[in-house]
Amino acid sequence: NVQAAMDLNKAVQEGQNAYNAKDYAKAIPNLKTIAEAKPEPNPQLLQSVLYQLGFAQYFQLQEQDAAATFETLLAKFPQTKDAPELHYMLGKLLVKQEGKIDQAIKHIEEAARNPEYTDDARFMAAEAYIQKDDTDKASELLKSAMKAKSSGPTMLRAAIQLIDLFIGKEKFKEAIEIMQRLTQSSSYPDVIVAINYRLLQIGDRQLQAKSYSDALKSYSMLRPRNQVIDIQTARLEQMRESIDAMKKAIDQNAKLPISKLPKNADEKLRIMEAMLANNEKVMGELKGVADYDASLQYRIARCFFNMERYW
């Protein structure tokens, strides 16, 4: 018993030290040892360990394990102050798992009750409804959110998914309506290339279907190459500054006895870094397409020619 207690104390110390150092691969086996200990450690320690274990698994991309850990934590401690965050994470994780969309939506709706998660949960719910092929419900959620000036990575991801779904169903009017709403969003620079590409897709389909007037309208909404590059360049600089500021805040916060940052600060930083990397890749690809404007003008000319507007 003495040896077992010593082993458990060692696991506690090593697991939490590794977690705080973001060495999640090392933290996981130690935290699992504590979580699976018999008899269970005291409730306060067990709650803390399950929370850290779930996020360590999440950061190591062990998403099914993370979901199972968060479910265990909520089942054992339903009144925990972390409940909104746990419901949010479960919604985020379960929505990716086959056959668990309805379960995910329940967690998302629960998370949305907390103002800190309302916006992100709304967009996550839209993604879930998209997977259920309920475009009406997803569209309703996104439109109301964009009308309320909501923005951010979760909204953008859900909006692009919905646009793609509409395009796949040849509901071009609905797809263009969402894109027009996005152009009025503060996050528009983050998706300007994605929107341009999808407008081109729609225009090409309309051109192929000999709907020349509609194709011309779609092509006319595209931004020219230099304008896209200028907007993207400015946005990339803003993103780098925001990431540097977030890193600095996280480093300073780590030295404080009580955190002054939201619990999902690390997660938001990861999302920001992923978006930066993606936008930098897109910028590189765009700069490599020298005939971008020429190919667009050719398409527009084909529309005019087929409409017998030869001049």
# chains A, B, ... in the order shown; residues from 1 in each chain; ligands from 1
>>> closest_atom_pairs(of="segment 6-83 of chain A", to="segment 114-124 of chain A", cutoff="12 Å", atoms="only C-alpha atoms", output="Markdown table")
| residue | atom | partner | partner_atom | distance |
| --- | --- | --- | --- | --- |
| A:Lys81 | CA | A:Asn114 | CA | 11.2 |
| A:Asp82 | CA | A:Asn114 | CA | 10.9 |
| A:Ala83 | CA | A:Asn114 | CA | 9.7 |
>>> residues_around(residues="Leu74 of chain A", least_positions_apart="2", cutoff="10 Å", atoms="only C-alpha atoms", output="count of residues only")
16
>>> residues_around(residues="Leu207 of chain A", least_positions_apart="6", cutoff="9 Å", atoms="only C-alpha atoms", output="number ranges by chain")
A: 213-216, 299, 302-303
>>> write_last_selection(atoms="all heavy atoms", output="compact mmCIF listing (two decimals), in the first residue's frame")
# COMPACT_ATOMS: atom_id res chain seq x y z
N SER A 213 -26.07 34.54 -68.95
CA SER A 213 -26.31 35.72 -68.12
C SER A 213 -25.97 35.45 -66.66
O SER A 213 -25.32 36.27 -66.00
CB SER A 213 -27.78 36.15 -68.25
OG SER A 213 -28.04 37.27 -67.42
N ASP A 214 -26.37 34.27 -66.15
CA ASP A 214 -26.06 33.90 -64.77
C ASP A 214 -24.56 33.72 -64.58
O ASP A 214 -23.99 34.14 -63.56
CB ASP A 214 -26.79 32.61 -64.39
CG ASP A 214 -28.29 32.80 -64.27
OD1 ASP A 214 -28.72 33.94 -63.98
OD2 ASP A 214 -29.04 31.81 -64.46
N ALA A 215 -23.91 33.09 -65.56
CA ALA A 215 -22.46 32.88 -65.47
C ALA A 215 -21.74 34.21 -65.43
O ALA A 215 -20.79 34.40 -64.65
CB ALA A 215 -21.98 32.06 -66.66
N LEU A 216 -22.19 35.16 -66.22
CA LEU A 216 -21.57 36.48 -66.27
C LEU A 216 -21.67 37.16 -64.90
O LEU A 216 -20.71 37.78 -64.43
CB LEU A 216 -22.25 37.32 -67.34
CG LEU A 216 -21.57 38.64 -67.73
CD1 LEU A 216 -20.17 38.38 -68.26
CD2 LEU A 216 -22.41 39.38 -68.77
N ARG A 299 -13.31 33.77 -69.88
CA ARG A 299 -14.63 33.24 -69.54
C ARG A 299 -15.71 34.31 -69.74
O ARG A 299 -16.80 34.02 -70.27
CB ARG A 299 -14.64 32.74 -68.09
CG ARG A 299 -13.88 31.44 -67.86
CD ARG A 299 -13.77 31.18 -66.36
NE ARG A 299 -13.40 29.82 -66.04
CZ ARG A 299 -12.16 29.38 -65.92
NH1 ARG A 299 -11.14 30.22 -66.14
NH2 ARG A 299 -11.92 28.12 -65.61
N ARG A 302 -16.42 34.76 -73.36
CA ARG A 302 -17.24 33.67 -73.90
C ARG A 302 -18.72 33.91 -73.61
O ARG A 302 -19.59 33.63 -74.44
CB ARG A 302 -16.81 32.33 -73.30
CG ARG A 302 -15.53 31.77 -73.91
CD ARG A 302 -15.23 30.39 -73.34
NE ARG A 302 -16.26 29.42 -73.65
CZ ARG A 302 -16.35 28.22 -73.09
NH1 ARG A 302 -15.46 27.87 -72.15
NH2 ARG A 302 -17.31 27.38 -73.43
N CYS A 303 -19.00 34.43 -72.41
CA CYS A 303 -20.40 34.74 -72.07
C CYS A 303 -20.95 35.80 -73.02
O CYS A 303 -22.04 35.65 -73.60
CB CYS A 303 -20.50 35.23 -70.63
SG CYS A 303 -20.19 33.97 -69.39
>>> residues_around(residues="Phe172 of chain A", least_positions_apart="2", cutoff="12 Å", atoms="only C-alpha atoms", output="list in words")
Leu162, Ile163, Asp164, Leu165, Phe166, Ile167, Gly168, Lys169, Glu170, Glu174, Ala175, Ile176, Glu177, Ile178, Met179, Arg198, Leu199, Leu200, Gln201, Ile202, Gly203, Asp204, Arg205, Gln206, Ser211, Asp214, Ala215, Lys217 and Ser218 of chain A
>>> write_last_selection(atoms="N, CA and C atoms", output="compact mmCIF listing (two decimals), in the first residue's frame")
# COMPACT_ATOMS: atom_id res chain seq x y z
N LEU A 162 -21.29 24.74 -46.04
CA LEU A 162 -22.66 24.91 -46.53
C LEU A 162 -22.66 25.36 -47.99
N ILE A 163 -21.75 26.26 -48.33
CA ILE A 163 -21.63 26.71 -49.73
C ILE A 163 -21.34 25.52 -50.64
N ASP A 164 -20.40 24.67 -50.23
CA ASP A 164 -20.05 23.49 -51.03
C ASP A 164 -21.24 22.54 -51.17
N LEU A 165 -22.03 22.43 -50.10
CA LEU A 165 -23.20 21.56 -50.15
C LEU A 165 -24.23 22.12 -51.15
N PHE A 166 -24.44 23.43 -51.11
CA PHE A 166 -25.36 24.06 -52.05
C PHE A 166 -24.87 23.89 -53.50
N ILE A 167 -23.56 24.07 -53.71
CA ILE A 167 -23.00 23.93 -55.06
C ILE A 167 -23.20 22.50 -55.55
N GLY A 168 -22.95 21.53 -54.66
CA GLY A 168 -23.13 20.12 -55.03
C GLY A 168 -24.56 19.82 -55.43
N LYS A 169 -25.52 20.52 -54.82
CA LYS A 169 -26.94 20.32 -55.14
C LYS A 169 -27.42 21.27 -56.23
N GLU A 170 -26.46 22.04 -56.79
CA GLU A 170 -26.74 23.03 -57.83
C GLU A 170 -27.74 24.09 -57.36
N GLU A 174 -28.58 30.01 -53.53
CA GLU A 174 -28.38 29.92 -52.08
C GLU A 174 -26.90 30.03 -51.73
N ALA A 175 -26.04 29.39 -52.53
CA ALA A 175 -24.60 29.45 -52.29
C ALA A 175 -24.08 30.87 -52.42
N ILE A 176 -24.53 31.57 -53.46
CA ILE A 176 -24.09 32.96 -53.68
C ILE A 176 -24.59 33.87 -52.57
N GLU A 177 -25.79 33.60 -52.05
CA GLU A 177 -26.31 34.43 -50.95
C GLU A 177 -25.42 34.33 -49.72
N ILE A 178 -24.97 33.11 -49.39
CA ILE A 178 -24.07 32.94 -48.24
C ILE A 178 -22.74 33.66 -48.52
N MET A 179 -22.23 33.54 -49.74
CA MET A 179 -20.97 34.20 -50.07
C MET A 179 -21.09 35.72 -49.99
N ARG A 198 -14.98 29.33 -55.52
CA ARG A 198 -16.33 28.77 -55.60
C ARG A 198 -17.21 29.56 -56.57
N LEU A 199 -17.00 30.86 -56.67
CA LEU A 199 -17.72 31.64 -57.67
C LEU A 199 -17.30 31.20 -59.07
N LEU A 200 -16.03 30.88 -59.23
CA LEU A 200 -15.53 30.38 -60.51
C LEU A 200 -16.18 29.03 -60.85
N GLN A 201 -16.30 28.16 -59.82
CA GLN A 201 -16.97 26.87 -60.02
C GLN A 201 -18.40 27.06 -60.51
N ILE A 202 -19.12 27.95 -59.82
CA ILE A 202 -20.52 28.20 -60.18
C ILE A 202 -20.61 28.77 -61.59
N GLY A 203 -19.77 29.77 -61.88
CA GLY A 203 -19.78 30.38 -63.20
C GLY A 203 -19.51 29.36 -64.30
N ASP A 204 -18.54 28.47 -64.06
CA ASP A 204 -18.20 27.46 -65.07
C ASP A 204 -19.37 26.49 -65.30
N ARG A 205 -20.06 26.13 -64.23
CA ARG A 205 -21.22 25.23 -64.39
C ARG A 205 -22.34 25.93 -65.15
N GLN A 206 -22.54 27.22 -64.84
CA GLN A 206 -23.58 27.97 -65.53
C GLN A 206 -23.22 28.17 -67.01
N SER A 211 -26.23 28.97 -69.40
CA SER A 211 -26.90 30.06 -68.67
C SER A 211 -25.93 31.24 -68.64
N ASP A 214 -26.37 34.27 -66.15
CA ASP A 214 -26.06 33.90 -64.77
C ASP A 214 -24.56 33.72 -64.58
N ALA A 215 -23.91 33.09 -65.56
CA ALA A 215 -22.46 32.88 -65.47
C ALA A 215 -21.74 34.21 -65.43
N LYS A 217 -22.82 37.02 -64.25
CA LYS A 217 -23.00 37.61 -62.92
C LYS A 217 -22.03 36.98 -61.92
N SER A 218 -21.87 35.66 -62.00
CA SER A 218 -20.96 34.96 -61.07
C SER A 218 -19.53 35.40 -61.30
>>> closest_residue(among="A:Asn196, A:Gln208, A:Lys26, A:Phe59", to="Arg270 of chain A", atoms="only C-alpha atoms")
A:Phe59
>>> closest_residue(among="A:Leu222, A:Ala126, A:Met239, A:Leu156", to="Met272 of chain A", atoms="only C-alpha atoms")
A:Met239
>>> residues_around(residues="Lys106 of chain A", least_positions_apart="4", cutoff="12 Å", atoms="only C-alpha atoms", output="list in words")
His87, Tyr88, Met89, Leu90, Gly91, Lys92, Leu94, Val95, Lys100, Ile101, Asp102, Glu110, Ala111, Ala112, Arg113, Ala121, Arg122, Met124, Ala125, Ala128 and Tyr129 of chain A
>>> atom_distance(atom1="atom CA of Glu14 of chain A", atom2="atom CA of Gly54 of chain A")
16.5 Å
